[in-house]
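A.B. asks: One structure, as structure tokens, below. Some questions next.
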Amino acid sequence: MTDKSSDLSDDIVPEAPRHSSFDRKFEPWHKVRKEFVRKEQWNKFVIRYVKRHLKRELQAEGVNEWSTDDEMLDIPETISVAYPLKCLVIPGDDILDIRSLCRDTENIKCYIRYLGFNEGQGSDRVGTRVHIAHNEVTSHPRVSTHSLVLCDRFQMVAKPNSQAYRYMKEFGPFHVVNLDLCDSLFPTTSGDLESYYNALYRMSAFQMKEMATPWLLFITTQAAPKEVDASQLDMLCKPTKDNVLISTEFAAAISDLVPTAALNTGTSAPVDCSQLNERQLIDLFGVAIGKALLKFCSTATPKWKVGMLGSHIYSIYEPLNVSMLSLAFKFSPVTAPPQDSTGLSSIDLPTPTSFNESELATKLVAAVRNISNIDEILAADPELKTRLTESSADLLKSAGYDRNVYLQWVKDGEQTSLG
Amino acid sequence: MTKPKSKAEQIRDTSKTGKPVNIPLRTSQKILARITDGIYRQPASALRELISNAYDADARKVTITTDAPRFAEISVRDDGIGISPEMLQYLIENIGGSAKRTGRGEELRITSSADKDFSPKGRKLIGKMGIGLFAVAQFTRHFLIITKCKGEGFRTIADVTLGKSDDTEQTSSDVEITSGEARIWIESASNINAQGTEVKLLDLLPRTRAELCSLEHWSRIDFESEEDGKSQAVPPVFHIGRMDPENADQLLEQPKLPWDTKDGPKMRFEKLVTSVRALAGTAGGLVDLDAVCDNYLQTLWNLALACPLDYMGHHPFDIPKDNKTLFFDLENKTRGQSVELKIAKGKTAREELDLQSPWAPKKDKFELLIDGTQISRPIVFIDQPKTVNAIKTPLLFVGKCREEFDDKLPSLSGGPLEFEAYLFWTPKVLPTQHQGVMLRVGNAAGAIFDRTFMGYQISEQTRLRQITAEIFVHEGLDGAINLDRETYNFAHPHYQFLVKWLHSALRQLSNRNKAIGKEIRDKKRGDESTKVRKRIERVVTKKLADVGVDDVVEVQFIEPTLFESVSDIRDEGIVAFRKDAVFRDNSGRKTGASKQREEVYEQKATALAQLLYGWGLLDDLSYDDQATLVRDILEIVLLEDGT
């Protein structure tokens with residue numbers, strides 16, 4: 001008989017398998033405002049992107065850097081894009097983001113392939129839901145069965161020897177990266193996890209190395225003071241503070257958003273968050289992320305530029321009044337034709353526009369100023385809210401939820417276990 | 001009184017009730033013991049069963065997705081006809097009792113209405129035991145089946161757990177036991193036209209994971225490295241990488257694959273096959289798949305061999321004539337002889353012999369993708385590697401046979417047996433795992449190549465290592481296949497017939513191979529002999545010309561048995577000698593080499609006689625003395641050669 005400390009029986013007898021239950025309950029991301037984000041932000045910009053960059057007729061004579069994917073995915077002729085829209089997502093258990101993208105791209109006949117990171121995947125209840133959802137979503141004729149939801153955290157992408165990074169390389173580069181975080185990009189409690197920011201940095205570096213065409217980045221993050229690590233926020237703000245010192249236009253623009261004194265520019269003192277109200281903090285957060293991304297771009301070779309697209313804020317957990325910031329960015333390679341310096345050539349090529357980081361940063365501030373509050377929009381437009389409620393109900397029905405129960409839940413004030 | 005609802009009806013009602021239906025898995029103890037206790041030797045075998053099910057369900061594409069090299073989960077998904085709640089109930093309640101080959105198959109719409117041996121779209125069915133689905137017990141005790149039939153507004157989900165229970169029930173022949181439980185429900189589906197089945201294997205068993213990620217091999221490397229600083233074992237040339245045992249999120253070894261992430265799925269597998277074959281140049285001539293690929297890649301390879309897929313290049317029956325291959329038709333006799341097939345340019349053996357394999361419906365398509373790699377049969381018939389073998393061209397022996405067993409009772413003979421086959425001889429079979437014969441029934445194989453050629457006893461080890469053979473059984477043999485679909489009942493008449501046919505075919509190949517080899521070697525010797533003769537002639541002509549003699553006499557050595565005498569021939573102006581007067585008695589059996597040597601002696605003797613005549617040194621000697629002088633000088637000359 002072996003003693004209890006023996007490891008001989010390890011990995012021989014499996015754990016007794018257990019069935020998973022299949023009950024559903026409503027969560028914060030089932031609220032109507034999230035449908036606004038899906039429809040009016042993510043999908044709207046993706047559709048615009050596909051029309052501009054992926055339509056089959058536009059690609060007919062271009063160099064197709066992923067030509068083998070066509071063969072691989074056997075895209076039917078009925079699909080209007082030359083190659084699949086490749087998406088990196090952090091999907092919830094019902095993969096609602098891809099479901100809604102698929103629904104909203106019906107008219108443009110877009111073919112979608114996705115890589116998802118969901119650490120909850122497995123044999124438990126959550127895992128079962130993800131498996132069923134993945135099966136349902138990839139049963140759509142416009143979604144590739146070569147899509148995958150990996151049982152890993154997105155943060156692990158930060159490590160080049162991680163399984164997450166390996167799969168990102170295998171499936172990427174991506175046309176759309178949607179980091180729909182439940183918590184903050186700079187959480188106050190991250191334990192020994194790799195940071196989202198490191199993963200964002202690693203992913204962006206990969207994208208800029210591998211992509212030759214524009215790509216979209218969506219980041220949804222908590223932006224309330226309590227949810228954001230102050231020291232990390234201060235570090236994030238460094239490029240913004242530096243920019244204030246070197247560009248009067250930028251300094252002027254940002255002074256309209258936040259009290260400049262709070263930034264403590266030119267000193268080693270941290271950003272003084274106590275001088276900022278919640279909206280100012282959110283605006284600073286938005287500018288700082290954008291400016292940090294712009295800094296990534298300007299230091300990369302070849303250079304990229306980044307611009308902020310229409311972005312939004314909304315509240316979750318109402319009694320706690322936690323603000324979510326839903327940011328959208330478009331990355332574009334900076335290209336320029338060769339210039340004839342001798343004057344011998346009679347060909348008149350367009351003069352390259354210079355890459356001006358400060359100018360782009362100033363535009364960024366303007367975009368942040370336009371960040372809209374979804375709660376206010378919906379409150380002011382009941383018709384829009386009704387329309388979104390209906391489409392959200394349909395979306396959830398496709399994920400196995402009871403449509404009527406959902407409508408009643410919305411009517412009753414969208415209460416979740418967390419408020 | 002209302003009739004109680006069947007389980008299938010209850011499953012359909014789960015969308016209203018919200019409560020899943022629990023169905024115990026019931027099977028005979030004998031079957032369960034064999035399934036759960038590992039009738040399959042490798043993970044590839046269990047995956048093969050699921051792929052066969054997909055094929056039988058008329059799937060056009062099967063997609064296997066793993067999270068390699070972690071191997072926590074595997075998904076096997078097809079676009080076949082799906083499983084209705086009724087069929088699912090039947091499956092779960094009748095493990096080991098397939099409906100495919102019974103009247104219930106048609107009723108459950110899983111077999112053709114015309115012939116229960118065929119799928120609705122006309123594929124010859126592979127599965128018959130009804131255990132294919134539960135082959136997954138090799139991998140896990142917990143799996144999901146997510147399935148949908150075309151036209152249905154819902155998908156059916158079965159959450160299946162396997163595990164023995166004490167709930168036993170005695171039946172007439174066997175003990176029937178509850179071997180697990182399936183929890184089944186339906187969910188609405190937005191795409192009504194979608195169809196197919198996904199089997200999601202969860203919580204893979206540790207030993208399966210260890211097998212898939214080549215744990216044993218990597219552990220040996222680690223152990224030896226720790227002990228001795230350097231390991232005798234080396235990592236496989238190609239592998240999928242390995243996870244860090246200390247950190248479930250990270251890889252300790254990055255994948256080393258012969259393809260690039262941007263390569264398309266077909267290109268990936270082609271690169272694997274090409275790269276493995278190319279190692280022959282660096283690995284001593286042959287390639288052992290075990291040594292160059294990890295278990296994951298070997299799983300891909302073995303599935304590519306076993307599944308009903310297209311060949312990577314040509315089907316052996318479709319190799320074009322303009323390729324450098326010699327074709328032979330096999331005779332269906334115990335002591336048969338092959339006949340060389342004179343195939344017209346642009347034609348194939350298939351057209352010449354009206355070969356039908358793989359007997360698939362027209363325009364049938366069946367693709368298998370594993371983690372983005374589309375696999376196909378990796379048996380290559382053209383572009384064979386360079387060889388020092390006398391025979392440089394591959395030899396393809398093809399045959400077809402139908403045995404009715406007319407004068408035997410069908411219950412004893414098993415009914416008719418029909419098959420087609422080929423035996424491909426090439427100096428190097430790459431990799432070595434392709435040496436042997438493979439039996440395919442319904443276009444699918446169970447085991448990989450049988451290197452014993454079904455117990456061929458003739459000692460021809462070298463030649464047998466140069467043969468890849470496949471037998472495509474169209475009708476019969478079903479009754480001889482064992483439960484694991486990898487082994488056969490040797491006593492079955494169909495198996496016995498195939499053994500006799502194959503062994504006859506091997507003899508025909510062997511005889512033909514020997515004959516061709518001899519012919520080539522003889523020709524080569526002949527060519528060499530001509531070269532030597534011409535050189536000697538040039539020397540003699542030049543030497544005599546140097547002394548002013550332009551006319552070189554013709555010299556002949558006459559067999560003593562020849563009717564004409566030496567003097568008769570000399571009368572024609574030819575200098576003739578009896579062979580036995582000049583050369584030693586070599587009337588015994590001559591080998592090719594000794595014959596060639598003799599030819600050289602004769603040429604040298606001829607040259608010697610021509611020189612002596614040119615100088616006029618033989619003019620005054622009798623015929624016998626002339627012969628003696630030539631013989632003696634020749635002996636001295638040849639002594640230098642050690643003869």
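In the structure tokens, each chain is lettered A, B, ... as it comes, each chain's residues begin at 1, and ligands are numbered from 1 in order of appearance.
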Using only C-alpha atoms, which residues sit within 6 Å of B:Phe143 once same-chain residues fewer than 5 positions away are excluded, as a PyMOL selection string?

C.D. replies: chain B and resi 160+200-202

A.B. asks: Quick one: pick out all strand (DSSP E) residues within stretch 146-363 of chain A from a backbone DSSP run and write them as number ranges by chain.

C.D. replies: A: 148-150, 176-180, 215-222, 304-316, 322-333

A.B. asks: Would you please extract all alpha helix (DSSP H) residues from stretch 270-379 of chain B, as assigned by DSSP on the backbone, and give them as a PyMOL selection string?

C.D. replies: chain B and resi 270-278+289-292+295-306+349-353

A.B. asks: Which polymer residues have any atom within 7 Å of an atom of stretch 70-82 of chain B, counting only C-alpha atoms, with same-chain residues fewer than 4 positions away left out, as a PyMOL selection string?

C.D. replies: chain B and resi 54+57-66+147-150+195-204+209+243

A.B. asks: With only C-alpha atoms as the counted atoms, please give the residues lying no more than 7 Å from B:Glu418, apart from itself and same-chain residues fewer than 2 positions off, as a list in words.

C.D. replies: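 With the cut-off at 7 Å, the set is Cys401, Arg402, Glu403, Pro416, Val473, His474, Glu475 and Gly476 of chain B.
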
A.B. asks: Restricted to N, CA and C atoms, what would the selected residues look like written as a PDB file, in the first residue's frame?

C.D. replies:
```pdb
ATOM      1  N   CYS B 401     -10.427  -8.367 -58.528  1.00  0.00           N
ATOM      2  CA  CYS B 401     -10.883  -9.735 -58.355  1.00  0.00           C
ATOM      3  C   CYS B 401     -12.304  -9.733 -57.788  1.00  0.00           C
ATOM      4  N   ARG B 402     -13.105 -10.639 -58.284  1.00  0.00           N
ATOM      5  CA  ARG B 402     -14.420 -10.848 -57.665  1.00  0.00           C
ATOM      6  C   ARG B 402     -14.590 -12.348 -57.489  1.00  0.00           C
ATOM      7  N   GLU B 403     -14.802 -12.754 -56.273  1.00  0.00           N
ATOM      8  CA  GLU B 403     -14.984 -14.179 -55.977  1.00  0.00           C
ATOM      9  C   GLU B 403     -16.411 -14.359 -55.459  1.00  0.00           C
ATOM     10  N   PRO B 416     -20.209 -12.986 -51.578  1.00  0.00           N
ATOM     11  CA  PRO B 416     -19.179 -12.576 -52.544  1.00  0.00           C
ATOM     12  C   PRO B 416     -18.142 -11.644 -51.930  1.00  0.00           C
ATOM     13  N   VAL B 473     -11.350  -3.072 -50.670  1.00  0.00           N
ATOM     14  CA  VAL B 473     -12.441  -4.054 -50.686  1.00  0.00           C
ATOM     15  C   VAL B 473     -13.757  -3.330 -50.942  1.00  0.00           C
ATOM     16  N   HIS B 474     -14.425  -3.755 -51.981  1.00  0.00           N
ATOM     17  CA  HIS B 474     -15.698  -3.129 -52.335  1.00  0.00           C
ATOM     18  C   HIS B 474     -16.877  -3.901 -51.739  1.00  0.00           C
ATOM     19  N   GLU B 475     -16.755  -5.195 -51.780  1.00  0.00           N
ATOM     20  CA  GLU B 475     -17.844  -6.020 -51.242  1.00  0.00           C
ATOM     21  C   GLU B 475     -17.252  -7.143 -50.408  1.00  0.00           C
ATOM     22  N   GLY B 476     -17.858  -7.415 -49.284  1.00  0.00           N
ATOM     23  CA  GLY B 476     -17.383  -8.490 -48.419  1.00  0.00           C
ATOM     24  C   GLY B 476     -16.405  -7.987 -47.367  1.00  0.00           C
TER      25      GLY B 476
END
```
